[in-house]
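Q: Shown below is the structure under consideration.
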Amino acid sequence: MTSRLAPPETPGPVPAIVSGTATEPPPGSASGARPEPAGEPRPAPRRDPRPGLSGLGEADLRAWLAGRGAPGYRARQVLHAIWQGLASTAGDLRPLPASLRAALDEAFRIDTLVETEVRVSDGGRTEKALHRLSDGALIESVLMHYPARPGSRERHTVCISSQAGCAVGCPFCATGELGFSRDLETAEILDQVRFAARRLRADGRRLTNVVFMGMGEPLLNLDRVLEAVTALTDPDRFGLGARHITVSTSGVVPGIRRLTALGPQFTLAVSLHAARDPLRDVLVPLNRRWPVAEVVAAARDHARATGRRVSYEYTMISGVNDTDEDARALAELLRGELAHVNLIPMNPVAHTPWTASPLPVIERFAARLRAAGIPVTIRRNRGVEIGAACGQLAAERAGAPPLPVVARRRERIVAASVAALRGERSREPLEAGVGD
Ligand code: SAH
Ligand code: SF4
């Protein structure tokens with residue numbers, strides 16, 4: 001049982017680095033972004049129909065090579081160039097012959113991230129990347145560096161997106177505010193990892209952990225997420241241990257049950273944020289479909305079947321879900337489970353009426369859980385000043401919605417949460433996104 005909440009650093013200058021070779025429309029035209037202002041029409045970018053090369057396994061590559069009359073052993077050279085060489089252009093696909101490199105370039109996208117802007121913060125320990133995809137969709141990944149400590153080696157963790165936007169619509173989340181745009185392809189998921197690994201390699205470092213905690217609900221794009229995890233854990237591709245991968249879900253019960261049937265693939269994290277249905281209905285609207293008891297039952301079965309502890313994420317929102325009563329309800333819900341709770345002070349998000357719980361309140365909440373025998377960690381927010389909570393950069397890029405829309409959204413959220421705090425369960429749908 002540890003508690004660590006390092007004080008946030010004084011925000012320093014935020015250098016922006018742009019990489020990529022895009023000549024396509026700029027990020028403002030992204031799908032998931034709000035409409036362009038009148039008078040600035042821009043053609044909608046077309047999605048590149050070529051599959052992403054990193055999404056292919058050895059068998060797929062062998063089949064493609066066979067179709068071209070090329071020898072099958074080239075498949076392993078391609079995999080090596082993609083996963084050890086971290087190729088982003090056809091030129092990087094050595095030692096393949098030039099003709100084959102050109103053919104691969106014609107048939108596949110060597111890198112599905114068309115353009116990336118990086119912002120560094122926390123004294124260099126957090127690197128937030130905003131990636132533009134071929135159809136203009138914007139997604140985010142965050143690379144976090146953790147120094148070595150007594151008993152633990154240095155870690156480099158990348159937090160990646162599984163969807164552009166998200167349909168779940170949690171009102172404290174910047175991605176939820178954007179609404180859903182589309183599922184990511186397997187290669188688009190994997191290329192975020194390859195991008196982070198490439199940045200680390202430039203400094204002689206290696207990626208140690210991957211967490212699916214960026215934009216989107218991974219269990220609503222589960223086939224592709226599973227394909228991506230297979231590539232990451234394949235010794236002939238990225239070769240990361242399954243224990244170094246965490247997938248976070250807002251509580252898609254059929255997805256959790258499907259994972260349980262598959263056996264341990266990675267660490268499962270469940271975003272709880274409230275232990276009582278009326279409040280969770282508001283904070284995680286998916287709760288109206290799969291209530292909290294069903295979510296925890298599925299997570300319990302998963303922990304028992306796989307022998308792997310489930311992490312519960314709990315974002316602390318001042319005056320909303322941080323009371324003694326909430327702590328009691330959470331302790332009751334998780335008593336006796338193979339569980340660990342992470343308390344995360346809410347990252348400030350534009351257009352919400354809420355703020356993070358003060359540290360003493362979080363510590364009191366943690367103490368109550370510990371008294372009930374539940375392991376707890378208090379997380380510090382990373383990269384608050386660069387908008388590191390999921391979706392914040394993309395939301396910023398999408399532009400501010402009109403003030404009356406923001407005001408209405410705030411009113412709706414306040415009304416819903418006030419009713420929930422009285423214990424009233426609303427059946428009204430809470431809209432995703434800042435829309436009318
Ligand atoms: N959709 C999945 C994974 C992506 S969100 C899920 O919800 O679990 C990853 C984590 O970031 C979730 O636990 C989510 O609740 C949390 N999060 C989102 N917005 C946040 C904010 N403003 N402050 C703190 N945590 C936030
Ligand atoms: Fe989607 Fe997760 Fe954000 Fe909720 S917290 S809106 S599920 S990305």
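Ligands are numbered from 1 in the order shown, residues from 1 within each chain, and chains are lettered A, B, ... in the order they appear in the structure tokens.
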Mind listing the residues within 6 Å of ligand 1, only C-alpha atoms and all ligand atoms counted, as a PyMOL selection string?

A: chain A and resi 172-173+213-217+248-250+270-271+313+315+344+346-349+389-390

Q: When you look at stretch 226-230 of chain A with a cut-off of 9 Å (counting only C-alpha atoms), what residues show up, excluding the ones that are within fewer than 2 positions of it in the same chain? I need them as a PyMOL selection string.

A: chain A and resi 55+186-187+189-190+221-224+232-234+242+245+265-266

Q: Any chance you could export the current selection's N, CA and C atoms as a short mmCIF file (atom, residue, chain, number, x, y, z; two decimals), in the first residue's frame?

A:
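part.cif written:
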data_model
loop_
_atom_site.label_atom_id
_atom_site.label_comp_id
_atom_site.auth_asym_id
_atom_site.auth_seq_id
_atom_site.Cartn_x
_atom_site.Cartn_y
_atom_site.Cartn_z
N GLY A 55 0.15 -3.50 -39.12
CA GLY A 55 -0.98 -4.35 -38.73
C GLY A 55 -0.85 -5.77 -39.25
N THR A 186 -5.96 -1.40 -36.65
CA THR A 186 -4.90 -2.02 -35.85
C THR A 186 -3.58 -1.26 -36.01
N ALA A 187 -3.22 -0.96 -37.25
CA ALA A 187 -1.93 -0.29 -37.49
C ALA A 187 -1.92 1.12 -36.89
N ILE A 189 -3.34 1.98 -34.17
CA ILE A 189 -3.07 1.78 -32.73
C ILE A 189 -1.57 1.50 -32.55
N LEU A 190 -1.05 0.57 -33.37
CA LEU A 190 0.34 0.15 -33.20
C LEU A 190 1.34 1.25 -33.55
N ASN A 221 -13.76 -1.46 -29.37
CA ASN A 221 -12.98 -1.73 -30.61
C ASN A 221 -12.09 -2.93 -30.31
N LEU A 222 -12.71 -3.95 -29.69
CA LEU A 222 -11.92 -5.02 -29.06
C LEU A 222 -11.16 -5.88 -30.07
N ASP A 223 -11.74 -6.17 -31.24
CA ASP A 223 -11.03 -7.04 -32.20
C ASP A 223 -9.68 -6.42 -32.57
N ARG A 224 -9.72 -5.12 -32.88
CA ARG A 224 -8.47 -4.45 -33.27
C ARG A 224 -7.51 -4.32 -32.09
N LEU A 232 2.06 -6.67 -30.21
CA LEU A 232 2.97 -6.12 -29.19
C LEU A 232 3.66 -7.22 -28.40
N THR A 233 2.95 -8.34 -28.18
CA THR A 233 3.52 -9.40 -27.35
C THR A 233 4.25 -10.47 -28.18
N ASP A 234 4.08 -10.45 -29.50
CA ASP A 234 4.75 -11.43 -30.38
C ASP A 234 6.27 -11.24 -30.31
N ALA A 242 3.14 -9.51 -21.62
CA ALA A 242 1.73 -9.17 -21.43
C ALA A 242 1.50 -8.39 -20.13
N ILE A 245 1.34 -4.55 -20.32
CA ILE A 245 0.28 -3.90 -21.10
C ILE A 245 -0.97 -3.80 -20.22
N GLN A 265 -4.47 -11.77 -21.06
CA GLN A 265 -3.83 -11.15 -22.23
C GLN A 265 -3.02 -9.93 -21.81
N PHE A 266 -3.50 -9.26 -20.75
CA PHE A 266 -2.89 -8.01 -20.27
C PHE A 266 -3.56 -7.67 -18.94
#

Q: Pick out the residues sitting within 12 Å of A:Thr323, and hand them over as a ChimeraX atom specification; count only C-alpha atoms, and ignore anything fewer than 4 positions along from it in its own chain.

A: /A:274-275,316-319,327-330,357-358,360-366,368,421

Q: Quick one: DSSP strand (DSSP E) residues in stretch 185-408 of chain A, as a VMD selection string?

A: chain A and resid 209 to 212 245 to 249 267 to 271 310 to 316 339 to 345 376 to 378

Q: Write out the residues from the selection above, keeping C-alpha atoms, as an mmCIF file, in the first residue's frame.

A:
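Contents of again25.cif, freshly written:
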data_model
loop_
_atom_site.group_PDB
_atom_site.id
_atom_site.type_symbol
_atom_site.label_atom_id
_atom_site.label_comp_id
_atom_site.auth_asym_id
_atom_site.auth_seq_id
_atom_site.Cartn_x
_atom_site.Cartn_y
_atom_site.Cartn_z
ATOM 1 C CA ASN A 209 4.934 -0.318 -20.802
ATOM 2 C CA VAL A 210 1.874 0.308 -22.964
ATOM 3 C CA VAL A 211 -1.454 1.476 -21.511
ATOM 4 C CA PHE A 212 -4.693 1.813 -23.484
ATOM 5 C CA ILE A 245 0.276 -3.899 -21.100
ATOM 6 C CA THR A 246 -2.815 -2.426 -19.420
ATOM 7 C CA VAL A 247 -6.210 -1.942 -21.054
ATOM 8 C CA SER A 248 -8.682 0.384 -19.351
ATOM 9 C CA THR A 249 -12.452 0.117 -19.795
ATOM 10 C CA THR A 267 -3.771 -6.163 -17.047
ATOM 11 C CA LEU A 268 -7.366 -4.988 -16.959
ATOM 12 C CA ALA A 269 -8.248 -1.606 -15.465
ATOM 13 C CA VAL A 270 -11.850 -0.590 -14.811
ATOM 14 C CA SER A 271 -12.813 3.090 -14.658
ATOM 15 C CA VAL A 310 -7.897 -5.760 -11.496
ATOM 16 C CA SER A 311 -7.093 -2.040 -11.143
ATOM 17 C CA TYR A 312 -9.976 0.332 -10.478
ATOM 18 C CA GLU A 313 -9.536 3.930 -11.622
ATOM 19 C CA TYR A 314 -11.343 6.565 -9.592
ATOM 20 C CA THR A 315 -11.122 10.199 -10.748
ATOM 21 C CA MET A 316 -11.585 12.470 -7.729
ATOM 22 C CA ALA A 339 -8.389 -5.317 -6.546
ATOM 23 C CA HIS A 340 -6.295 -2.173 -6.383
ATOM 24 C CA VAL A 341 -7.734 1.348 -6.457
ATOM 25 C CA ASN A 342 -5.977 4.276 -8.163
ATOM 26 C CA LEU A 343 -7.236 7.671 -7.050
ATOM 27 C CA ILE A 344 -6.602 10.323 -9.714
ATOM 28 C CA PRO A 345 -7.228 14.028 -9.080
ATOM 29 C CA VAL A 376 -4.878 2.290 -2.821
ATOM 30 C CA THR A 377 -2.455 4.481 -4.744
ATOM 31 C CA ILE A 378 -2.879 8.212 -5.155
#

Q: When you count only C-alpha atoms and all ligand atoms, which of these residues is closest to ligand 2: A:Cys170, A:Leu96, A:Leu113, A:Leu338?

A: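 Counting only C-alpha atoms and all ligand atoms, the residue closest to ligand 2 is A:Cys170.
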
Q: Please compute the atom CA of A:Pro264-atom CA of A:His145 distance, one decimal, in Å.

A: 26.3 Å

Q: With distances taken over only C-alpha atoms and all ligand atoms, which of A:Leu219, A:Leu130, A:Ala59, A:Val292 is nearest to ligand 2?

A: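 Of A:Leu219, A:Leu130, A:Ala59, A:Val292, the one nearest ligand 2, counting only C-alpha atoms and all ligand atoms, is A:Leu219.
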
Q: Could you jot down the atom CA of A:Ser152 to atom CA of A:Ala371 separation for me, Å, one decimal place?

A: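 Those two atoms sit 26.7 Å apart.
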